[in-house]
>>> print(open('upload19.tsv').read())   # TSV, C-alpha atoms and all ligand atoms
chain	number	residue	atom	x	y	z
A	1	MET	CA	-129.41	-9.68	-40.31
A	2	LYS	CA	-126.33	-7.58	-41.06
A	3	LEU	CA	-122.92	-9.09	-40.24
A	4	SER	CA	-122.34	-7.11	-37.02
A	5	THR	CA	-125.64	-8.39	-35.62
A	6	LYS	CA	-124.98	-11.93	-36.80
A	7	LEU	CA	-121.58	-11.93	-35.10
A	8	ILE	CA	-123.29	-11.34	-31.77
A	9	HIS	CA	-126.47	-13.38	-32.15
A	10	ALA	CA	-125.97	-16.08	-34.81
A	11	GLY	CA	-126.35	-19.62	-33.52
A	12	VAL	CA	-126.72	-18.50	-29.92
A	13	GLU	CA	-129.98	-19.19	-28.05
A	14	PRO	CA	-130.51	-18.78	-24.29
A	15	ASP	CA	-129.71	-22.13	-22.64
A	16	PRO	CA	-133.04	-24.04	-22.48
A	17	SER	CA	-132.45	-25.41	-18.97
A	18	THR	CA	-131.38	-22.17	-17.22
A	19	GLY	CA	-131.82	-19.24	-19.60
A	20	ALA	CA	-128.05	-18.55	-19.50
A	21	ILE	CA	-127.39	-15.96	-22.20
A	22	MET	CA	-123.94	-17.40	-22.95
A	23	THR	CA	-123.76	-20.88	-24.47
A	24	PRO	CA	-122.63	-23.25	-21.69
A	25	ILE	CA	-119.42	-25.25	-22.04
A	26	TYR	CA	-120.80	-28.78	-22.33
A	27	GLN	CA	-117.81	-30.56	-20.84
A	28	THR	CA	-119.03	-34.09	-21.41
A	29	SER	CA	-117.83	-37.06	-23.42
A	30	THR	CA	-121.20	-38.80	-23.74
A	31	TYR	CA	-124.99	-38.41	-23.33
A	32	VAL	CA	-127.43	-40.65	-21.51
A	33	GLN	CA	-129.99	-42.47	-23.68
A	34	SER	CA	-133.42	-43.46	-22.33
A	35	ALA	CA	-133.37	-46.63	-24.44
A	36	PRO	CA	-130.82	-47.80	-27.07
A	37	GLY	CA	-130.96	-45.23	-29.89
A	38	LYS	CA	-133.39	-42.98	-27.97
A	39	HIS	CA	-131.58	-39.71	-27.28
A	40	LYS	CA	-131.84	-35.94	-27.70
A	41	GLY	CA	-129.71	-35.75	-30.85
A	42	TYR	CA	-126.45	-36.20	-28.97
A	43	GLU	CA	-124.78	-39.62	-28.67
A	44	TYR	CA	-121.03	-39.18	-28.19
A	45	ALA	CA	-119.05	-35.94	-28.05
A	46	ARG	CA	-116.67	-36.69	-30.94
A	47	SER	CA	-119.77	-36.72	-33.16
A	48	GLN	CA	-121.87	-33.99	-31.50
A	49	ASN	CA	-121.45	-31.38	-28.79
A	50	PRO	CA	-123.92	-28.54	-28.09
A	51	THR	CA	-121.22	-25.87	-27.58
A	52	ARG	CA	-119.59	-26.89	-30.85
A	53	HIS	CA	-122.98	-27.03	-32.53
A	54	ALA	CA	-123.75	-23.42	-31.55
A	55	LEU	CA	-120.41	-22.31	-32.97
A	56	GLU	CA	-120.77	-24.33	-36.18
A	57	THR	CA	-124.15	-22.68	-36.76
A	58	ALA	CA	-122.71	-19.22	-36.08
A	59	LEU	CA	-119.70	-19.75	-38.34
A	60	ALA	CA	-121.87	-20.93	-41.24
A	61	LEU	CA	-124.09	-17.84	-40.91
A	62	ILE	CA	-121.25	-15.32	-40.77
A	63	GLU	CA	-119.68	-16.77	-43.94
A	64	ASN	CA	-123.14	-16.77	-45.61
A	65	GLY	CA	-123.01	-20.56	-45.81
A	66	ARG	CA	-125.46	-23.31	-44.91
A	67	HIS	CA	-123.06	-25.49	-42.92
A	68	GLY	CA	-120.09	-25.13	-40.59
A	69	LEU	CA	-117.74	-27.77	-39.21
A	70	CYS	CA	-115.16	-27.21	-36.49
A	71	PHE	CA	-111.75	-28.79	-35.98
A	72	SER	CA	-109.04	-28.84	-33.35
A	73	SER	CA	-106.77	-26.58	-35.48
A	74	GLY	CA	-106.65	-24.81	-38.83
A	75	VAL	CA	-104.31	-27.52	-40.07
A	76	ALA	CA	-106.83	-30.20	-39.02
A	77	ALA	CA	-109.52	-28.40	-41.05
A	78	THR	CA	-107.18	-28.33	-44.07
A	79	ASP	CA	-106.38	-32.00	-43.49
A	80	ALA	CA	-110.10	-32.85	-43.59
A	81	VAL	CA	-110.40	-31.22	-47.04
A	82	LEU	CA	-107.38	-33.18	-48.30
A	83	HIS	CA	-109.03	-36.39	-47.04
A	84	LEU	CA	-111.65	-35.89	-49.76
A	85	LEU	CA	-108.96	-36.74	-52.36
A	86	ALA	CA	-107.68	-40.07	-53.68
A	87	PRO	CA	-104.28	-41.14	-55.08
A	88	GLY	CA	-103.77	-39.70	-58.55
A	89	ASP	CA	-105.77	-36.56	-57.81
A	90	GLU	CA	-104.09	-33.20	-58.41
A	91	VAL	CA	-104.22	-29.94	-56.47
A	92	ILE	CA	-103.34	-26.46	-57.68
A	93	CYS	CA	-102.14	-24.18	-54.91
A	94	ALA	CA	-100.04	-21.05	-54.49
A	95	ASN	CA	-96.27	-20.95	-54.29
A	96	ASP	CA	-96.75	-18.40	-51.48
A	97	MET	CA	-98.79	-19.85	-48.64
A	98	TYR	CA	-98.69	-20.66	-44.94
A	99	GLY	CA	-95.67	-22.93	-44.31
A	100	GLY	CA	-97.68	-25.46	-42.29
A	101	THR	CA	-100.08	-25.97	-45.21
A	102	TYR	CA	-97.10	-26.46	-47.53
A	103	ARG	CA	-95.64	-29.01	-45.08
A	104	LEU	CA	-98.94	-30.93	-44.87
A	105	PHE	CA	-99.21	-31.04	-48.67
A	106	THR	CA	-95.60	-32.02	-49.41
A	107	LYS	CA	-94.67	-34.19	-46.44
A	108	VAL	CA	-97.95	-35.99	-45.73
A	109	TYR	CA	-100.10	-36.02	-48.87
A	110	GLU	CA	-97.52	-36.13	-51.66
A	111	LYS	CA	-96.36	-39.55	-50.51
A	112	MET	CA	-99.98	-40.75	-50.54
A	113	GLY	CA	-100.06	-40.13	-54.29
A	114	ILE	CA	-101.62	-36.66	-54.43
A	115	ARG	CA	-99.85	-34.31	-56.86
A	116	PHE	CA	-99.49	-30.62	-56.03
A	117	HIS	CA	-98.75	-27.77	-58.42
A	118	PHE	CA	-97.30	-24.82	-56.49
A	119	ILE	CA	-97.75	-21.85	-58.81
A	120	PRO	CA	-98.40	-18.11	-58.64
A	121	MET	CA	-102.21	-17.90	-58.62
A	122	GLN	CA	-102.63	-14.14	-59.16
A	123	ASP	CA	-103.22	-14.61	-62.90
A	124	PRO	CA	-106.35	-16.77	-63.50
A	125	ALA	CA	-105.09	-17.70	-66.99
A	126	HIS	CA	-101.96	-19.19	-65.44
A	127	VAL	CA	-104.11	-21.27	-63.09
A	128	LYS	CA	-106.30	-22.39	-65.99
A	129	ALA	CA	-103.23	-23.61	-67.88
A	130	HIS	CA	-102.49	-26.03	-65.01
A	131	ILE	CA	-105.99	-27.56	-64.83
A	132	ASN	CA	-106.21	-31.08	-66.29
A	133	SER	CA	-108.54	-34.06	-66.06
A	134	ASN	CA	-107.01	-35.09	-62.68
A	135	THR	CA	-107.44	-31.69	-61.02
A	136	ARG	CA	-109.78	-32.02	-58.03
A	137	LEU	CA	-108.94	-29.06	-55.81
A	138	LEU	CA	-107.85	-25.43	-56.11
A	139	TRP	CA	-106.43	-24.33	-52.75
A	140	VAL	CA	-106.39	-20.54	-52.45
A	141	GLU	CA	-105.10	-18.15	-49.84
A	142	THR	CA	-105.93	-14.50	-50.43
A	143	PRO	CA	-104.26	-12.34	-49.26
A	144	THR	CA	-101.37	-14.82	-49.23
A	145	ASN	CA	-99.14	-15.44	-46.24
A	146	PRO	CA	-96.74	-13.61	-46.05
A	147	LEU	CA	-96.42	-11.70	-49.36
A	148	MET	CA	-99.97	-10.37	-49.46
A	149	ASN	CA	-100.65	-11.43	-53.04
A	150	ILE	CA	-104.29	-11.27	-54.14
A	151	VAL	CA	-106.09	-14.09	-55.95
A	152	ASP	CA	-109.30	-13.41	-57.88
A	153	ILE	CA	-111.80	-15.79	-56.21
A	154	ALA	CA	-114.69	-15.12	-58.63
A	155	ALA	CA	-112.47	-15.73	-61.69
A	156	LEU	CA	-111.33	-19.10	-60.32
A	157	ALA	CA	-114.90	-20.02	-59.35
A	158	ALA	CA	-115.98	-19.39	-62.94
A	159	MET	CA	-113.31	-21.91	-64.02
A	160	THR	CA	-114.29	-24.68	-61.62
A	161	ARG	CA	-118.09	-24.29	-61.71
A	162	GLY	CA	-119.81	-27.40	-63.07
A	163	LYS	CA	-116.57	-29.40	-63.00
A	164	LYS	CA	-115.44	-31.97	-60.44
A	165	ILE	CA	-113.03	-29.42	-58.99
A	166	LEU	CA	-113.48	-27.94	-55.52
A	167	LEU	CA	-112.46	-24.36	-54.86
A	168	CYS	CA	-111.40	-23.93	-51.24
A	169	VAL	CA	-110.34	-20.53	-49.89
A	170	ASP	CA	-108.26	-20.14	-46.74
A	171	ASN	CA	-109.90	-16.92	-45.51
A	172	THR	CA	-107.77	-16.60	-42.37
A	173	PHE	CA	-106.01	-13.33	-43.29
A	174	ALA	CA	-109.15	-11.46	-44.36
A	175	SER	CA	-111.68	-12.89	-41.86
A	176	PRO	CA	-115.42	-13.03	-42.75
A	177	TYR	CA	-115.66	-9.34	-41.87
A	178	LEU	CA	-113.61	-8.39	-44.93
A	179	GLN	CA	-114.27	-11.18	-47.43
A	180	ASN	CA	-116.88	-13.92	-48.02
A	181	PRO	CA	-115.55	-16.47	-50.55
A	182	LEU	CA	-118.81	-18.48	-50.73
A	183	ASP	CA	-120.56	-15.37	-52.09
A	184	LEU	CA	-117.88	-15.21	-54.79
A	185	GLY	CA	-118.51	-18.81	-55.87
A	186	ALA	CA	-116.07	-20.82	-53.72
A	187	ASP	CA	-117.23	-24.28	-52.58
A	188	LEU	CA	-115.46	-24.21	-49.23
A	189	VAL	CA	-114.04	-21.65	-46.83
A	190	MET	CA	-111.39	-22.60	-44.32
A	191	HIS	CA	-110.23	-20.54	-41.33
A	192	SER	CA	-107.50	-20.89	-38.82
A	193	ALA	CA	-109.86	-19.56	-36.11
A	194	THR	CA	-106.73	-19.36	-33.96
A	195	LYS	CA	-106.32	-15.95	-35.60
A	196	TYR	CA	-108.95	-13.20	-36.10
A	197	LEU	CA	-112.03	-15.31	-35.24
A	198	GLY	CA	-110.71	-16.21	-31.78
A	199	GLY	CA	-108.90	-12.89	-31.71
A	200	HIS	CA	-107.19	-13.16	-28.32
A	201	SER	CA	-104.24	-15.53	-28.88
A	202	ASP	CA	-105.68	-18.04	-26.43
A	203	VAL	CA	-106.90	-20.91	-28.61
A	204	ILE	CA	-105.84	-23.18	-31.50
A	205	TYR	CA	-108.88	-23.81	-33.68
A	206	GLY	CA	-110.01	-24.44	-37.27
A	207	CYS	CA	-113.25	-24.51	-39.24
A	208	LEU	CA	-114.80	-25.14	-42.65
A	209	MET	CA	-117.93	-23.51	-44.06
A	210	MET	CA	-119.87	-24.59	-47.15
A	211	ASN	CA	-123.28	-24.61	-48.87
A	212	ASP	CA	-123.48	-28.02	-50.49
A	213	ASP	CA	-125.30	-30.64	-48.35
A	214	GLU	CA	-123.43	-33.61	-49.81
A	215	LEU	CA	-120.05	-31.95	-49.31
A	216	ARG	CA	-121.04	-31.21	-45.71
A	217	ASP	CA	-121.97	-34.86	-45.15
A	218	ARG	CA	-118.66	-36.09	-46.57
A	219	LEU	CA	-116.70	-33.67	-44.40
A	220	TYR	CA	-118.79	-34.47	-41.31
A	221	PHE	CA	-117.98	-38.14	-41.89
A	222	ILE	CA	-114.26	-37.24	-42.05
A	223	GLN	CA	-114.58	-35.02	-38.95
A	224	LYS	CA	-116.04	-37.82	-36.81
A	225	SER	CA	-114.02	-40.64	-38.39
A	226	CYS	CA	-110.62	-38.95	-38.13
A	227	GLY	CA	-111.55	-37.31	-34.83
A	228	ALA	CA	-109.70	-33.97	-34.93
A	229	VAL	CA	-112.52	-32.24	-33.04
A	230	PRO	CA	-112.10	-29.24	-30.71
A	231	GLY	CA	-112.90	-29.33	-27.00
A	232	PRO	CA	-115.96	-27.42	-25.75
A	233	GLN	CA	-113.88	-24.86	-23.83
A	234	ASP	CA	-112.16	-23.89	-27.10
A	235	CYS	CA	-115.55	-23.67	-28.86
A	236	PHE	CA	-116.68	-21.28	-26.14
A	237	LEU	CA	-113.60	-19.08	-26.59
A	238	VAL	CA	-114.16	-18.79	-30.34
A	239	LEU	CA	-117.89	-18.08	-29.80
A	240	ARG	CA	-116.87	-15.25	-27.49
A	241	GLY	CA	-114.23	-13.99	-29.93
A	242	LEU	CA	-116.79	-13.73	-32.75
A	243	LYS	CA	-118.86	-11.23	-30.79
A	244	THR	CA	-116.22	-8.50	-31.21
A	245	LEU	CA	-114.80	-9.43	-34.63
A	246	HIS	CA	-116.33	-6.40	-36.37
A	247	VAL	CA	-115.02	-3.81	-33.93
A	248	ARG	CA	-111.61	-5.45	-33.74
A	249	MET	CA	-111.33	-5.69	-37.54
A	250	ASP	CA	-112.18	-2.01	-38.00
A	251	ARG	CA	-109.26	-1.11	-35.73
A	252	HIS	CA	-106.93	-3.72	-37.32
A	253	CYS	CA	-107.70	-2.11	-40.69
A	254	SER	CA	-107.22	1.53	-39.63
A	255	ASN	CA	-104.04	0.76	-37.65
A	256	GLY	CA	-102.82	-1.39	-40.57
A	257	SER	CA	-103.30	1.42	-43.06
A	258	ALA	CA	-101.48	3.97	-40.87
A	259	ILE	CA	-98.54	1.62	-40.28
A	260	ALA	CA	-98.23	0.54	-43.93
A	261	HIS	CA	-98.01	4.22	-44.95
A	262	PHE	CA	-95.54	4.98	-42.14
A	263	LEU	CA	-93.28	2.11	-43.25
A	264	ARG	CA	-93.46	3.11	-46.89
A	265	SER	CA	-92.34	6.65	-46.09
A	266	HIS	CA	-89.44	5.52	-43.86
A	267	ALA	CA	-85.99	6.13	-45.39
A	268	LYS	CA	-84.59	2.79	-44.18
A	269	VAL	CA	-87.50	0.61	-45.32
A	270	GLY	CA	-87.27	-1.21	-48.66
A	271	LYS	CA	-90.42	-2.83	-50.00
A	272	VAL	CA	-93.74	-2.87	-48.10
A	273	TYR	CA	-96.21	-5.63	-48.97
A	274	TRP	CA	-99.77	-4.50	-48.12
A	275	CYS	CA	-102.73	-4.94	-50.44
A	276	GLY	CA	-104.25	-1.52	-49.63
A	277	PHE	CA	-101.66	0.42	-51.66
A	278	GLU	CA	-103.17	1.61	-54.93
A	279	ASP	CA	-100.06	0.45	-56.79
A	280	HIS	CA	-100.22	-3.08	-55.29
A	281	PRO	CA	-100.64	-5.41	-58.32
A	282	GLY	CA	-103.75	-6.96	-56.75
A	283	TYR	CA	-105.34	-3.71	-55.55
A	284	ALA	CA	-108.25	-3.68	-58.02
A	285	ILE	CA	-109.21	-7.28	-57.19
A	286	ALA	CA	-108.76	-6.69	-53.46
A	287	LYS	CA	-111.04	-3.66	-53.67
A	288	LYS	CA	-113.62	-5.72	-55.55
A	289	GLN	CA	-113.65	-8.78	-53.28
A	290	MET	CA	-112.72	-7.33	-49.87
A	291	ARG	CA	-114.36	-4.67	-47.68
A	292	GLY	CA	-111.05	-3.49	-46.20
A	293	PHE	CA	-107.37	-4.37	-46.41
A	294	GLY	CA	-106.74	-5.84	-42.97
A	295	GLY	CA	-103.89	-5.65	-40.53
A	296	MET	CA	-101.34	-8.00	-42.08
A	297	MET	CA	-98.25	-6.77	-43.95
A	298	SER	CA	-94.63	-7.62	-44.63
A	299	PHE	CA	-91.60	-5.48	-45.38
A	300	THR	CA	-87.92	-5.56	-46.11
A	301	LEU	CA	-85.21	-3.08	-45.16
A	302	LYS	CA	-83.05	-1.18	-47.65
A	303	ASP	CA	-80.11	-2.83	-45.90
A	304	ASP	CA	-81.50	-6.18	-46.99
A	305	SER	CA	-79.36	-8.39	-44.74
A	306	THR	CA	-80.54	-11.10	-42.38
A	307	GLU	CA	-78.37	-9.53	-39.66
A	308	THR	CA	-80.13	-6.13	-39.76
A	309	ALA	CA	-83.53	-7.82	-39.89
A	310	MET	CA	-82.63	-9.99	-36.87
A	311	LYS	CA	-81.54	-6.90	-34.94
A	312	LEU	CA	-84.87	-5.18	-35.65
A	313	LEU	CA	-86.82	-8.30	-34.70
A	314	SER	CA	-85.21	-8.27	-31.24
A	315	SER	CA	-85.60	-4.51	-30.72
A	316	THR	CA	-89.36	-3.95	-30.61
A	317	LYS	CA	-90.94	-3.42	-27.21
A	318	LEU	CA	-94.67	-3.47	-27.98
A	319	PHE	CA	-94.60	-5.77	-31.01
A	320	ALA	CA	-94.01	-9.23	-29.55
A	321	LEU	CA	-91.72	-11.55	-31.51
A	322	ALA	CA	-93.98	-14.54	-31.97
A	323	GLU	CA	-95.62	-16.82	-34.53
A	324	SER	CA	-99.36	-16.45	-35.19
A	325	LEU	CA	-101.44	-13.39	-36.06
A	326	GLY	CA	-104.87	-11.83	-35.74
A	327	GLY	CA	-104.84	-11.25	-31.98
A	328	VAL	CA	-105.53	-7.94	-30.25
A	329	GLU	CA	-101.81	-7.49	-29.57
A	330	SER	CA	-99.31	-6.65	-32.31
A	331	LEU	CA	-96.85	-9.35	-33.34
A	332	ILE	CA	-93.64	-9.29	-35.36
A	333	ASN	CA	-92.40	-12.39	-37.12
A	334	HIS	CA	-89.49	-13.63	-39.25
A	335	PRO	CA	-91.18	-15.94	-41.81
A	336	ALA	CA	-87.91	-17.48	-43.04
A	337	THR	CA	-87.07	-18.96	-39.63
A	338	MET	CA	-90.52	-19.06	-38.00
A	339	THR	CA	-93.87	-19.51	-39.80
A	340	HIS	CA	-92.35	-20.53	-43.17
A	341	ALA	CA	-89.27	-22.47	-42.02
A	342	SER	CA	-90.72	-25.68	-43.44
A	343	ILE	CA	-90.41	-24.33	-47.02
A	344	PRO	CA	-86.96	-25.12	-48.48
A	345	ARG	CA	-84.78	-21.98	-48.80
A	346	GLU	CA	-84.35	-22.15	-52.61
A	347	GLU	CA	-88.12	-22.49	-52.99
A	348	ARG	CA	-88.75	-19.52	-50.66
A	349	ILE	CA	-86.22	-17.23	-52.33
A	350	LYS	CA	-87.49	-18.15	-55.80
A	351	ASN	CA	-90.99	-17.10	-54.72
A	352	GLY	CA	-89.88	-13.76	-53.27
A	353	LEU	CA	-89.79	-14.71	-49.59
A	354	SER	CA	-86.34	-13.34	-48.73
A	355	ASP	CA	-84.28	-14.12	-45.62
A	356	SER	CA	-84.76	-10.55	-44.39
A	357	LEU	CA	-88.53	-10.32	-44.85
A	358	ILE	CA	-90.36	-9.20	-41.69
A	359	ARG	CA	-94.08	-9.84	-41.18
A	360	LEU	CA	-96.31	-7.76	-38.93
A	361	SER	CA	-99.69	-8.59	-37.46
A	362	ILE	CA	-101.05	-5.20	-36.47
A	363	GLY	CA	-103.05	-5.31	-33.25
A	364	ILE	CA	-105.62	-2.90	-31.89
A	365	GLU	CA	-103.39	-0.86	-29.56
A	366	ASP	CA	-103.03	2.92	-29.97
A	367	VAL	CA	-101.50	3.38	-33.41
A	368	ASP	CA	-99.13	6.15	-32.29
A	369	ASP	CA	-97.54	3.80	-29.74
A	370	LEU	CA	-97.14	1.13	-32.43
A	371	ILE	CA	-95.50	3.58	-34.86
A	372	ASP	CA	-93.16	4.86	-32.11
A	373	ASP	CA	-92.14	1.28	-31.36
A	374	LEU	CA	-91.36	0.52	-35.01
A	375	ARG	CA	-89.53	3.85	-35.41
A	376	GLN	CA	-87.20	3.14	-32.47
A	377	ALA	CA	-86.64	-0.48	-33.58
A	378	ILE	CA	-85.79	0.45	-37.19
A	379	GLY	CA	-83.46	3.12	-35.75
B	401	LIG	C1	-103.14	-18.59	-43.43
B	401	LIG	C2	-103.07	-19.73	-42.44
B	401	LIG	N1	-103.74	-20.86	-42.69
B	401	LIG	C3	-103.72	-21.91	-41.83
B	401	LIG	C4	-102.98	-21.87	-40.66
B	401	LIG	C5	-102.97	-23.06	-39.75
B	401	LIG	O1	-103.80	-22.87	-38.65
B	401	LIG	P1	-103.55	-23.46	-37.17
B	401	LIG	O2	-102.25	-22.90	-36.69
B	401	LIG	O3	-104.74	-22.99	-36.42
B	401	LIG	O4	-103.49	-24.95	-37.31
B	401	LIG	C6	-102.27	-20.71	-40.35
B	401	LIG	C7	-101.47	-20.64	-39.12
B	401	LIG	O5	-100.65	-19.76	-38.94
B	401	LIG	C8	-102.32	-19.61	-41.27
B	401	LIG	O6	-101.64	-18.48	-41.03
>>> encode(input="upload19.tsv", output="structure tokens")
Amino acid sequence: MKLSTKLIHAGVEPDPSTGAIMTPIYQTSTYVQSAPGKHKGYEYARSQNPTRHALETALALIENGRHGLCFSSGVAATDAVLHLLAPGDEVICANDMYGGTYRLFTKVYEKMGIRFHFIPMQDPAHVKAHINSNTRLLWVETPTNPLMNIVDIAALAAMTRGKKILLCVDNTFASPYLQNPLDLGADLVMHSATKYLGGHSDVIYGCLMMNDDELRDRLYFIQKSCGAVPGPQDCFLVLRGLKTLHVRMDRHCSNGSAIAHFLRSHAKVGKVYWCGFEDHPGYAIAKKQMRGFGGMMSFTLKDDSTETAMKLLSSTKLFALAESLGGVESLINHPATMTHASIPREERIKNGLSDSLIRLSIGIEDVDDLIDDLRQAIG
């Protein structure tokens, strides 16, 4: 099956008891057994739920993986991966990543004895130089949040293959419609399904997809033991979101391209960060590993002051000033004070995330209306 067909049909069977075409929301905490240990594969809803099961199957198939596991948030999915590690283990990750992931790594796991190397990951040789006998995990975001840097997944996979090092890719920005890290050799894919997979800004949700059976069993054990599982209503919402991912992503990409070019040609705009520009340093890799460039971008103004950026952020009418991304509606965000506030200022500035940087999540509205809104807000 091609991806567009999988998005609609994968994992979804008519309900055996009624024929309902949509997977029912199994709002139950437990399942009746006919005798101790005699049941229909479902014992207790933290361990198994049919709505979640349908979604886990669908998610695995759309990332071309064998297994999927769902969590109550993207951060909970990340947390499950970190639970695979032990004190003394080391992680290599980007110096430009989602602020909540940075906070989890530095404030929760560093004090448990895990060591993190926050480095630019665009150059595989630079990553290789940081690998040592304690390295157990490469944590990759590509494109990165919010500077849209591109990391070469296949090059890193070639480095970790056959070693005791897991390569996990946070594929939230690209979505499975644009990029499939397992096909490029990654061991694990993580999504904040809150974003493009859900697609309608109405759910907080996370997932992991993988091929390896043993890795799946270890993560399933963590999922049920730590208990950060999603409710069935949220599983239903993500299942429904998946069905339109392909048509939404096409529009996110075309609107994204038009707006990136509009911003770049605007006299008052400074730098535009969008991986679809041919002169973007990661363009060749993005073209190789992605099927489109998505709807995420960041920019600065020529008047590079926090004050001017703040004024713009409060002046849009269609772009809503809000955290998050990947929904049908366009959002505008100030990473320094919103999504990336948990990264210390010196660290942020050193890595190129300036106080005036503005991030856009381009929705699927009419692109002319979006451009008009930005034009009036920039002034
Ligand atoms: C790239 C990325 N990864 C992970 C997360 C965390 O996901 P959640 O908010 O669903 O916990 C986010 C949230 O913004 C994100 O943007």
>>> residues_near_ligand(input="upload19.tsv", ligand="ligand LIG 401 (chain B)", cutoff="10 Å", atoms="all atoms listed in the file", output="NGL selection string")
:A and (71-79 or 97-102 or 140-146 or 169-174 or 190-195 or 203-207 or 323-326 or 339-340)
>>> closest_atom_pairs(input="upload19.tsv", of="range 176-204 of chain A", to="range 162-166 of chain A", cutoff="12 Å", atoms="all atoms listed in the file", output="tab-separated table")
residue	atom	partner	partner_atom	distance
A:Leu182	CA	A:Leu166	CA	11.9
A:Gly185	CA	A:Leu166	CA	10.4
A:Ala186	CA	A:Leu166	CA	7.8
A:Asp187	CA	A:Leu166	CA	6.0
A:Leu188	CA	A:Leu166	CA	7.6
A:Val189	CA	A:Leu166	CA	10.7
>>> closest_atom_pairs(input="upload19.tsv", of="range 134-198 of chain A", to="range 261-283 of chain A", cutoff="8 Å", atoms="all atoms listed in the file", output="JSON lines")
{"residue": "A:Pro143", "atom": "CA", "partner": "A:Cys275", "partner_atom": "CA", "distance": 7.6}
{"residue": "A:Leu147", "atom": "CA", "partner": "A:Tyr273", "partner_atom": "CA", "distance": 6.1}
{"residue": "A:Met148", "atom": "CA", "partner": "A:Trp274", "partner_atom": "CA", "distance": 6.0}
{"residue": "A:Asn149", "atom": "CA", "partner": "A:Gly282", "partner_atom": "CA", "distance": 6.6}
{"residue": "A:Ile150", "atom": "CA", "partner": "A:Gly282", "partner_atom": "CA", "distance": 5.1}
{"residue": "A:Val151", "atom": "CA", "partner": "A:Gly282", "partner_atom": "CA", "distance": 7.5}
>>> residues_near_point(input="upload19.tsv", point="(-111.7, -18.1, -31.9)", cutoff="6 Å", atoms="only C-alpha atoms", output="number ranges by chain")
A: 193-194, 197-199, 237-238, 241
>>> atom_distance(input="upload19.tsv", atom1="CA of Ala155 in chain A", atom2="CA of Asp183 in chain A")
12.6 Å
>>> closest_residue(input="upload19.tsv", among="A:Ala80, A:Leu357, A:Met290, A:Leu312", to="Asp373 in chain A", atoms="only C-alpha atoms")
A:Leu312
>>> atom_distance(input="upload19.tsv", atom1="CA of His67 in chain A", atom2="CA of Asp213 in chain A")
7.8 Å
>>> closest_residue(input="upload19.tsv", among="A:Arg216, A:Arg359, A:Arg345, A:Arg66", to="Phe299 in chain A", atoms="only C-alpha atoms")
A:Arg359
>>> atom_distance(input="upload19.tsv", atom1="CA of Ile285 in chain A", atom2="CA of Asp123 in chain A")
11.1 Å
>>> residues_around(input="upload19.tsv", residues="range 47-51 of chain A", least_positions_apart="3", cutoff="12 Å", atoms="only C-alpha atoms", output="PyMOL selection string")
chain A and resi 11-13+15-16+22-31+40-44+54-58+69-71+220-240
>>> closest_residue(input="upload19.tsv", among="A:Asp96, A:Asp202, A:Pro36, A:Thr135", to="Gln122 in chain A", atoms="all atoms listed in the file")
A:Asp96
